[in-house]
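Listing of model-v4.cif, mmCIF, N, CA and C atoms
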```
data_model
#
loop_
_atom_site.label_atom_id
_atom_site.label_comp_id
_atom_site.auth_asym_id
_atom_site.auth_seq_id
_atom_site.Cartn_x
_atom_site.Cartn_y
_atom_site.Cartn_z
N MET A 226 0.84 -1.18 0.00
CA MET A 226 0.00 0.00 0.00
C MET A 226 0.88 1.24 0.00
N SER A 227 0.50 2.23 -0.77
CA SER A 227 1.23 3.48 -0.86
C SER A 227 0.99 4.33 0.38
N ASN A 228 1.93 5.24 0.65
CA ASN A 228 1.72 6.15 1.76
C ASN A 228 1.13 7.47 1.28
N SER A 229 0.59 7.47 0.06
CA SER A 229 -0.05 8.65 -0.49
C SER A 229 -1.50 8.34 -0.84
N ALA A 230 -2.35 9.30 -0.60
CA ALA A 230 -3.76 9.14 -0.95
C ALA A 230 -3.90 9.16 -2.47
N ARG A 231 -4.92 8.50 -2.96
CA ARG A 231 -5.21 8.49 -4.39
C ARG A 231 -6.13 9.66 -4.71
N GLN A 232 -5.65 10.55 -5.55
CA GLN A 232 -6.46 11.69 -5.96
C GLN A 232 -7.35 11.28 -7.12
N THR A 233 -8.65 11.45 -6.96
CA THR A 233 -9.61 11.05 -7.97
C THR A 233 -9.76 12.15 -9.01
N ALA A 234 -9.63 11.80 -10.27
CA ALA A 234 -9.80 12.76 -11.35
C ALA A 234 -11.27 13.19 -11.42
N PRO A 235 -11.53 14.44 -11.76
CA PRO A 235 -12.92 14.92 -11.82
C PRO A 235 -13.84 14.07 -12.69
N HIS A 236 -13.33 13.55 -13.80
CA HIS A 236 -14.20 12.75 -14.68
C HIS A 236 -14.61 11.43 -14.04
N GLU A 237 -13.95 11.03 -12.96
CA GLU A 237 -14.29 9.79 -12.27
C GLU A 237 -15.33 9.99 -11.17
N VAL A 238 -15.68 11.24 -10.89
CA VAL A 238 -16.64 11.54 -9.83
C VAL A 238 -18.00 11.79 -10.49
N PRO A 239 -18.97 10.92 -10.26
CA PRO A 239 -20.28 11.05 -10.91
C PRO A 239 -21.04 12.32 -10.49
N GLN A 240 -21.93 12.77 -11.36
CA GLN A 240 -22.84 13.88 -11.04
C GLN A 240 -23.59 13.56 -9.75
N ASP A 241 -23.93 14.56 -9.00
CA ASP A 241 -24.70 14.47 -7.76
C ASP A 241 -23.96 13.77 -6.61
N THR A 242 -22.65 13.54 -6.78
CA THR A 242 -21.87 12.95 -5.69
C THR A 242 -21.83 13.93 -4.53
N ARG A 243 -22.06 13.41 -3.35
CA ARG A 243 -22.04 14.22 -2.13
C ARG A 243 -20.61 14.26 -1.57
N LEU A 244 -20.07 15.47 -1.42
CA LEU A 244 -18.71 15.65 -0.96
C LEU A 244 -18.65 16.65 0.19
N VAL A 245 -17.64 16.49 1.02
CA VAL A 245 -17.31 17.47 2.06
C VAL A 245 -16.23 18.36 1.46
N LEU A 246 -16.38 19.66 1.62
CA LEU A 246 -15.33 20.58 1.21
C LEU A 246 -14.48 20.88 2.45
N TYR A 247 -13.17 20.65 2.34
CA TYR A 247 -12.27 20.93 3.45
C TYR A 247 -11.12 21.79 2.97
N ALA A 248 -10.79 22.79 3.78
CA ALA A 248 -9.62 23.63 3.50
C ALA A 248 -8.91 23.95 4.80
N CYS A 249 -7.61 24.03 4.70
CA CYS A 249 -6.80 24.51 5.82
C CYS A 249 -6.11 25.77 5.32
N LEU A 250 -6.52 26.89 5.87
CA LEU A 250 -6.02 28.18 5.41
C LEU A 250 -5.08 28.79 6.44
N PRO A 251 -4.01 29.43 5.98
CA PRO A 251 -3.09 30.07 6.92
C PRO A 251 -3.80 31.15 7.74
N ALA A 252 -3.73 31.03 9.03
CA ALA A 252 -4.36 32.02 9.91
C ALA A 252 -3.80 33.41 9.65
N SER A 253 -2.55 33.48 9.27
CA SER A 253 -1.90 34.77 9.05
C SER A 253 -2.48 35.55 7.88
N LEU A 254 -3.14 34.87 6.93
CA LEU A 254 -3.71 35.55 5.77
C LEU A 254 -5.12 36.06 6.02
N GLY A 255 -5.75 35.62 7.08
CA GLY A 255 -7.11 36.07 7.37
C GLY A 255 -8.05 35.79 6.22
N GLU A 256 -8.95 36.74 5.97
CA GLU A 256 -9.97 36.56 4.93
C GLU A 256 -9.39 36.55 3.52
N ALA A 257 -8.16 36.99 3.35
CA ALA A 257 -7.55 37.00 2.02
C ALA A 257 -7.43 35.60 1.44
N ALA A 258 -7.39 34.59 2.29
CA ALA A 258 -7.26 33.20 1.82
C ALA A 258 -8.61 32.58 1.48
N ASP A 259 -9.71 33.23 1.82
CA ASP A 259 -11.04 32.65 1.63
C ASP A 259 -11.41 32.43 0.16
N HIS A 260 -10.72 33.13 -0.75
CA HIS A 260 -11.05 32.96 -2.17
C HIS A 260 -10.85 31.52 -2.63
N SER A 261 -9.93 30.80 -1.99
CA SER A 261 -9.72 29.41 -2.40
C SER A 261 -10.93 28.54 -2.07
N VAL A 262 -11.61 28.83 -0.97
CA VAL A 262 -12.83 28.08 -0.61
C VAL A 262 -13.94 28.43 -1.59
N ALA A 263 -14.10 29.71 -1.88
CA ALA A 263 -15.14 30.13 -2.83
C ALA A 263 -14.90 29.52 -4.20
N SER A 264 -13.65 29.47 -4.63
CA SER A 264 -13.32 28.86 -5.93
C SER A 264 -13.66 27.38 -5.93
N ALA A 265 -13.36 26.69 -4.84
CA ALA A 265 -13.67 25.26 -4.75
C ALA A 265 -15.18 25.05 -4.74
N GLN A 266 -15.93 25.92 -4.08
CA GLN A 266 -17.39 25.81 -4.07
C GLN A 266 -17.96 25.97 -5.48
N ARG A 267 -17.43 26.91 -6.25
CA ARG A 267 -17.87 27.09 -7.64
C ARG A 267 -17.52 25.86 -8.48
N TYR A 268 -16.34 25.32 -8.24
CA TYR A 268 -15.89 24.13 -8.96
C TYR A 268 -16.84 22.95 -8.71
N VAL A 269 -17.22 22.74 -7.47
CA VAL A 269 -18.14 21.66 -7.10
C VAL A 269 -19.48 21.86 -7.81
N ALA A 270 -19.98 23.07 -7.77
CA ALA A 270 -21.27 23.36 -8.42
C ALA A 270 -21.18 23.14 -9.93
N ASP A 271 -20.10 23.62 -10.55
CA ASP A 271 -19.93 23.46 -12.00
C ASP A 271 -19.80 21.99 -12.40
N ALA A 272 -19.23 21.17 -11.51
CA ALA A 272 -19.07 19.74 -11.80
C ALA A 272 -20.36 18.95 -11.59
N GLY A 273 -21.34 19.59 -10.97
CA GLY A 273 -22.61 18.91 -10.72
C GLY A 273 -22.60 18.06 -9.46
N TRP A 274 -21.67 18.32 -8.56
CA TRP A 274 -21.60 17.59 -7.29
C TRP A 274 -22.35 18.37 -6.22
N LYS A 275 -22.49 17.80 -5.06
CA LYS A 275 -23.18 18.43 -3.94
C LYS A 275 -22.21 18.56 -2.76
N THR A 276 -22.08 19.77 -2.24
CA THR A 276 -21.30 19.97 -1.02
C THR A 276 -22.25 19.80 0.15
N VAL A 277 -22.03 18.77 0.97
CA VAL A 277 -22.93 18.52 2.10
C VAL A 277 -22.49 19.27 3.35
N GLU A 278 -21.18 19.50 3.47
CA GLU A 278 -20.65 20.23 4.61
C GLU A 278 -19.36 20.90 4.17
N THR A 279 -19.04 22.02 4.79
CA THR A 279 -17.78 22.72 4.53
C THR A 279 -17.08 22.96 5.86
N TYR A 280 -15.82 22.57 5.91
CA TYR A 280 -15.02 22.77 7.11
C TYR A 280 -13.75 23.52 6.72
N VAL A 281 -13.45 24.56 7.46
CA VAL A 281 -12.25 25.35 7.22
C VAL A 281 -11.49 25.49 8.53
N ASP A 282 -10.28 25.02 8.53
CA ASP A 282 -9.40 25.22 9.68
C ASP A 282 -8.49 26.38 9.36
N ARG A 283 -8.19 27.17 10.37
CA ARG A 283 -7.21 28.26 10.26
C ARG A 283 -5.99 27.80 11.03
N ALA A 284 -4.98 27.38 10.30
CA ALA A 284 -3.79 26.83 10.92
C ALA A 284 -2.63 26.97 9.94
N ALA A 285 -1.46 26.70 10.42
CA ALA A 285 -0.29 26.68 9.54
C ALA A 285 -0.46 25.53 8.56
N PRO A 286 -0.44 25.80 7.26
CA PRO A 286 -0.73 24.75 6.29
C PRO A 286 0.26 23.59 6.28
N PHE A 287 1.46 23.80 6.77
CA PHE A 287 2.46 22.74 6.72
C PHE A 287 2.64 22.05 8.06
N GLU A 288 1.69 22.22 8.95
CA GLU A 288 1.70 21.50 10.22
C GLU A 288 0.69 20.35 10.15
N SER A 289 0.73 19.49 11.13
CA SER A 289 -0.12 18.31 11.14
C SER A 289 -1.60 18.69 11.25
N ARG A 290 -2.44 17.90 10.59
CA ARG A 290 -3.89 18.08 10.68
C ARG A 290 -4.44 17.43 11.95
N ALA A 291 -3.62 16.72 12.69
CA ALA A 291 -4.08 15.95 13.85
C ALA A 291 -4.82 16.82 14.87
N LEU A 292 -4.49 18.08 14.99
CA LEU A 292 -5.13 18.95 15.98
C LEU A 292 -6.20 19.86 15.37
N CYS A 293 -6.53 19.64 14.12
CA CYS A 293 -7.50 20.50 13.43
C CYS A 293 -8.91 19.91 13.54
N GLU A 294 -9.79 20.62 14.21
CA GLU A 294 -11.16 20.13 14.44
C GLU A 294 -11.92 19.93 13.14
N GLY A 295 -11.81 20.87 12.22
CA GLY A 295 -12.52 20.75 10.95
C GLY A 295 -12.10 19.52 10.17
N TRP A 296 -10.82 19.19 10.23
CA TRP A 296 -10.31 18.00 9.55
C TRP A 296 -10.97 16.74 10.09
N HIS A 297 -11.04 16.63 11.39
CA HIS A 297 -11.68 15.46 11.99
C HIS A 297 -13.17 15.40 11.67
N ASN A 298 -13.82 16.55 11.61
CA ASN A 298 -15.23 16.60 11.22
C ASN A 298 -15.42 16.17 9.77
N ALA A 299 -14.51 16.57 8.89
CA ALA A 299 -14.59 16.17 7.48
C ALA A 299 -14.45 14.65 7.35
N LEU A 300 -13.48 14.08 8.05
CA LEU A 300 -13.30 12.63 8.01
C LEU A 300 -14.54 11.91 8.55
N ALA A 301 -15.09 12.43 9.65
CA ALA A 301 -16.27 11.81 10.26
C ALA A 301 -17.47 11.84 9.31
N ALA A 302 -17.63 12.94 8.58
CA ALA A 302 -18.76 13.05 7.65
C ALA A 302 -18.72 11.92 6.61
N VAL A 303 -17.52 11.60 6.15
CA VAL A 303 -17.37 10.51 5.18
C VAL A 303 -17.60 9.17 5.87
N GLU A 304 -16.98 8.98 7.03
CA GLU A 304 -17.11 7.71 7.74
C GLU A 304 -18.56 7.41 8.12
N GLN A 305 -19.34 8.46 8.39
CA GLN A 305 -20.74 8.29 8.77
C GLN A 305 -21.68 8.21 7.57
N GLY A 306 -21.12 8.25 6.36
CA GLY A 306 -21.91 8.09 5.16
C GLY A 306 -22.62 9.34 4.66
N ARG A 307 -22.32 10.48 5.22
CA ARG A 307 -22.95 11.71 4.76
C ARG A 307 -22.35 12.21 3.46
N ALA A 308 -21.15 11.73 3.13
CA ALA A 308 -20.46 12.14 1.91
C ALA A 308 -19.63 10.98 1.39
N ALA A 309 -19.37 11.01 0.08
CA ALA A 309 -18.56 9.96 -0.55
C ALA A 309 -17.07 10.28 -0.50
N GLY A 310 -16.75 11.52 -0.16
CA GLY A 310 -15.34 11.88 -0.12
C GLY A 310 -15.15 13.36 0.17
N ILE A 311 -13.95 13.82 -0.12
CA ILE A 311 -13.53 15.17 0.21
C ILE A 311 -13.05 15.88 -1.04
N VAL A 312 -13.45 17.13 -1.19
CA VAL A 312 -12.89 18.01 -2.21
C VAL A 312 -12.16 19.12 -1.45
N THR A 313 -11.00 19.49 -1.93
CA THR A 313 -10.18 20.49 -1.27
C THR A 313 -9.54 21.39 -2.32
N PRO A 314 -9.32 22.65 -2.02
CA PRO A 314 -8.68 23.52 -3.01
C PRO A 314 -7.31 23.01 -3.44
N LEU A 315 -6.52 22.50 -2.50
CA LEU A 315 -5.19 21.98 -2.80
C LEU A 315 -4.96 20.71 -1.99
N LEU A 316 -4.39 19.70 -2.60
CA LEU A 316 -4.16 18.44 -1.91
C LEU A 316 -3.27 18.61 -0.68
N VAL A 317 -2.35 19.55 -0.72
CA VAL A 317 -1.46 19.77 0.42
C VAL A 317 -2.23 20.21 1.67
N MET A 318 -3.45 20.72 1.49
CA MET A 318 -4.28 21.10 2.64
C MET A 318 -4.73 19.89 3.45
N LEU A 319 -4.68 18.71 2.84
CA LEU A 319 -5.08 17.49 3.54
C LEU A 319 -3.93 16.84 4.27
N SER A 320 -2.77 16.91 3.69
CA SER A 320 -1.63 16.25 4.32
C SER A 320 -0.34 16.77 3.71
N HIS A 321 0.52 17.26 4.57
CA HIS A 321 1.84 17.69 4.12
C HIS A 321 2.93 16.84 4.78
N LEU A 322 2.79 16.61 6.07
CA LEU A 322 3.79 15.82 6.79
C LEU A 322 3.66 14.35 6.44
N GLU A 323 4.75 13.63 6.51
CA GLU A 323 4.77 12.21 6.16
C GLU A 323 3.74 11.42 6.96
N GLU A 324 3.65 11.68 8.27
CA GLU A 324 2.70 10.91 9.08
C GLU A 324 1.25 11.22 8.69
N ASP A 325 0.98 12.46 8.28
CA ASP A 325 -0.37 12.80 7.81
C ASP A 325 -0.67 12.12 6.48
N ARG A 326 0.31 12.06 5.58
CA ARG A 326 0.10 11.40 4.29
C ARG A 326 -0.19 9.92 4.49
N ALA A 327 0.57 9.29 5.37
CA ALA A 327 0.36 7.86 5.64
C ALA A 327 -1.00 7.62 6.29
N SER A 328 -1.37 8.49 7.22
CA SER A 328 -2.66 8.37 7.90
C SER A 328 -3.81 8.56 6.90
N LEU A 329 -3.69 9.56 6.03
CA LEU A 329 -4.73 9.82 5.04
C LEU A 329 -4.84 8.65 4.06
N ALA A 330 -3.71 8.12 3.61
CA ALA A 330 -3.75 6.99 2.68
C ALA A 330 -4.41 5.77 3.33
N ALA A 331 -4.10 5.50 4.59
CA ALA A 331 -4.72 4.37 5.29
C ALA A 331 -6.21 4.60 5.47
N TRP A 332 -6.60 5.82 5.81
CA TRP A 332 -8.02 6.16 5.97
C TRP A 332 -8.75 5.97 4.65
N GLN A 333 -8.15 6.44 3.57
CA GLN A 333 -8.79 6.32 2.27
C GLN A 333 -8.92 4.85 1.85
N ALA A 334 -7.88 4.07 2.11
CA ALA A 334 -7.95 2.64 1.78
C ALA A 334 -9.05 1.95 2.58
N ARG A 335 -9.21 2.34 3.84
CA ARG A 335 -10.22 1.73 4.71
C ARG A 335 -11.64 2.16 4.31
N THR A 336 -11.82 3.42 3.95
CA THR A 336 -13.16 3.95 3.69
C THR A 336 -13.55 3.93 2.21
N GLY A 337 -12.57 3.89 1.33
CA GLY A 337 -12.87 3.98 -0.11
C GLY A 337 -13.27 5.38 -0.53
N ALA A 338 -12.94 6.36 0.27
CA ALA A 338 -13.35 7.74 0.01
C ALA A 338 -12.68 8.33 -1.23
N LEU A 339 -13.43 9.17 -1.91
CA LEU A 339 -12.89 9.95 -3.02
C LEU A 339 -12.16 11.16 -2.46
N ILE A 340 -11.09 11.56 -3.10
CA ILE A 340 -10.40 12.81 -2.77
C ILE A 340 -10.12 13.49 -4.10
N THR A 341 -10.58 14.73 -4.24
CA THR A 341 -10.36 15.44 -5.49
C THR A 341 -10.11 16.91 -5.22
N THR A 342 -9.54 17.58 -6.20
CA THR A 342 -9.27 19.00 -6.14
C THR A 342 -9.63 19.63 -7.48
N PRO A 343 -9.81 20.93 -7.51
CA PRO A 343 -10.06 21.58 -8.81
C PRO A 343 -8.91 21.39 -9.79
N TRP A 344 -7.73 21.11 -9.28
CA TRP A 344 -6.58 20.99 -10.15
C TRP A 344 -6.08 19.57 -10.22
N ALA A 345 -7.00 18.60 -10.13
CA ALA A 345 -6.62 17.19 -10.23
C ALA A 345 -6.18 16.92 -11.67
N VAL A 346 -4.90 16.70 -11.86
CA VAL A 346 -4.38 16.42 -13.19
C VAL A 346 -3.90 14.97 -13.18
N ILE A 347 -4.75 14.11 -13.71
CA ILE A 347 -4.46 12.68 -13.72
C ILE A 347 -4.80 12.17 -15.11
N ASP A 348 -3.97 11.31 -15.63
CA ASP A 348 -4.23 10.70 -16.93
C ASP A 348 -5.59 10.02 -16.89
N ALA A 349 -6.46 10.38 -17.82
CA ALA A 349 -7.82 9.84 -17.84
C ALA A 349 -7.83 8.32 -18.01
N ALA A 350 -6.82 7.76 -18.62
CA ALA A 350 -6.80 6.32 -18.86
C ALA A 350 -6.37 5.53 -17.63
N ASP A 351 -5.61 6.18 -16.73
CA ASP A 351 -5.07 5.42 -15.59
C ASP A 351 -4.76 6.35 -14.44
N SER A 352 -5.58 6.33 -13.40
CA SER A 352 -5.31 7.13 -12.22
C SER A 352 -4.29 6.41 -11.36
N THR A 353 -3.31 7.17 -10.89
CA THR A 353 -2.25 6.58 -10.08
C THR A 353 -2.00 7.45 -8.86
N ASP A 354 -1.20 6.92 -7.93
CA ASP A 354 -0.80 7.73 -6.78
C ASP A 354 0.02 8.90 -7.31
N LEU A 355 -0.21 10.06 -6.73
CA LEU A 355 0.50 11.24 -7.16
C LEU A 355 1.85 11.33 -6.48
N PRO A 356 2.89 11.67 -7.22
CA PRO A 356 4.19 11.85 -6.59
C PRO A 356 4.19 13.12 -5.74
N ARG A 357 4.96 13.13 -4.70
CA ARG A 357 5.06 14.27 -3.82
C ARG A 357 6.36 15.00 -4.10
N SER A 358 6.30 16.32 -4.11
CA SER A 358 7.54 17.09 -4.26
C SER A 358 8.18 17.24 -2.89
N ALA A 359 9.42 17.54 -2.88
CA ALA A 359 10.16 17.72 -1.63
C ALA A 359 10.13 19.19 -1.24
N ALA A 360 8.96 19.78 -1.23
CA ALA A 360 8.82 21.21 -0.93
C ALA A 360 9.25 21.55 0.47
#
```

Can you turn what I pasted into structure tokens?
Amino acid sequence: MSNSARQTAPHEVPQDTRLVLYACLPASLGEAADHSVASAQRYVADAGWKTVETYVDRAAPFESRALCEGWHNALAAVEQGRAAGIVTPLLVMLSHLEEDRASLAAWQARTGALITTPWAVIDAADSTDLPRSAA
């Protein structure tokens, strides 16, 4: 099993799919960062999906999600069957640290949850684990 979550290409997510929108925005940017959530909301609507819940944490984006309440609420919404997966403005908002990537990959393998972003660039013929940069 990979230690990276599988990002689902938009064409693989059926119309009317129920998703949780999750974002982790830098607290230091305040409302200036909110445009990414609004853009993701428009993307979901344009794709014909349904946002059932939106959770936004204000935290350092490169720190662990383990202490983020919204993150745990997003995971719970999927686990409880209220949504089929998570849409996020940027995949790095879900997991940046190695332990978070491994935890997310294990969670996704266990739940079968979809994870997608407005910028999911995956070969339509074959979705694969996305490589991580050493940012």

query = Given the file above and the PyMOL selection byres ((chain A and resi 250-267) around 6), which residues are selected, and can you give them as a VMD selection string?
reply = chain A and resid 248 to 249 268 to 272 281 to 286 314

key: Explicit residue set for the PyMOL selection byres ((chain A and resi 340) around 6.5), as a ChimeraX atom specification   = /A:231-234,310-313,338-339,341-342

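Inside chain A, the residues DSSP reads as strand (DSSP E or B) when given the backbone are A:Arg243, A:Leu244, A:Val245, A:Leu246, A:Tyr247, A:Ala248, A:Cys249, A:Leu250, A:Lys275, A:Thr276, A:Val277, A:Glu278, A:Thr279, A:Tyr280, A:Val281, A:Asp282, A:Arg283, A:Gly310, A:Ile311, A:Val312, A:Leu339, A:Ile340, A:Thr341.
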
message = When DSSP is applied to the backbone of this structure, which of chain A are assigned alpha helix (DSSP H)? Write them out as a VMD selection string.
response = chain A and resid 260 to 272 294 to 304 323 to 336

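Nearest-residue note for Leu319 of chain A: choosing from A:Thr276, A:Thr242, A:Ser289, A:Asn228, the minimum distance belongs to A:Ser289, counting all atoms listed in the file.
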
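Nearest residue to Glu304 of chain A among A:Leu322, A:Val317, A:Val238, A:Val245 is A:Val245, counting only C-alpha atoms.
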
query = Within 6 Å of Ala308 of chain A, counting all atoms listed in the file, which residues qualify if same-chain residues fewer than 4 places away don't, as a PyMOL selection string?
reply = chain A and resi 243-245+302-303

message = What would the selection look like, as a PyMOL selection string, if the PyMOL selection byres (((chain A and resi 230 and name CA) around 9) and name CA) were run on the coordinates I just shared?
response = chain A and resi 227-229+231-232+326-334+340+354-355

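Among the candidate residues A:His321, A:Tyr247, A:Glu288, A:Gly337, the one lying nearest to Ala309 of chain A is A:Gly337, with distances computed using only N, CA and C atoms.
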
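Taking all atoms listed in the file into account, Ser320 of chain A lies nearest to A:Arg290 out of the set A:Gly306, A:Arg335, A:Arg290, A:His236.
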
remark   = Min atom-atom distance to Pro239 of chain A from the set A:Gln305, A:Glu278, A:Gly273, A:Leu315, counting only N, CA and C atoms, belongs to A:Gly273

key: Residue with smallest distance to Cys293 of chain A - pool A:Met318, A:Glu324, A:Leu246, A:Thr336, counting only C-alpha atoms   = A:Met318

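Counting from atom N of Glu323 of chain A, the distance to atom N of Leu292 of chain A is 13.3 Å.
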
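Atom CA of Pro343 of chain A to atom CA of Arg307 of chain A spans 21.2 Å [interatomic distance, one decimal].
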
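Going from atom CA of Phe287 of chain A to atom CA of Lys275 of chain A covers 28.1 Å.
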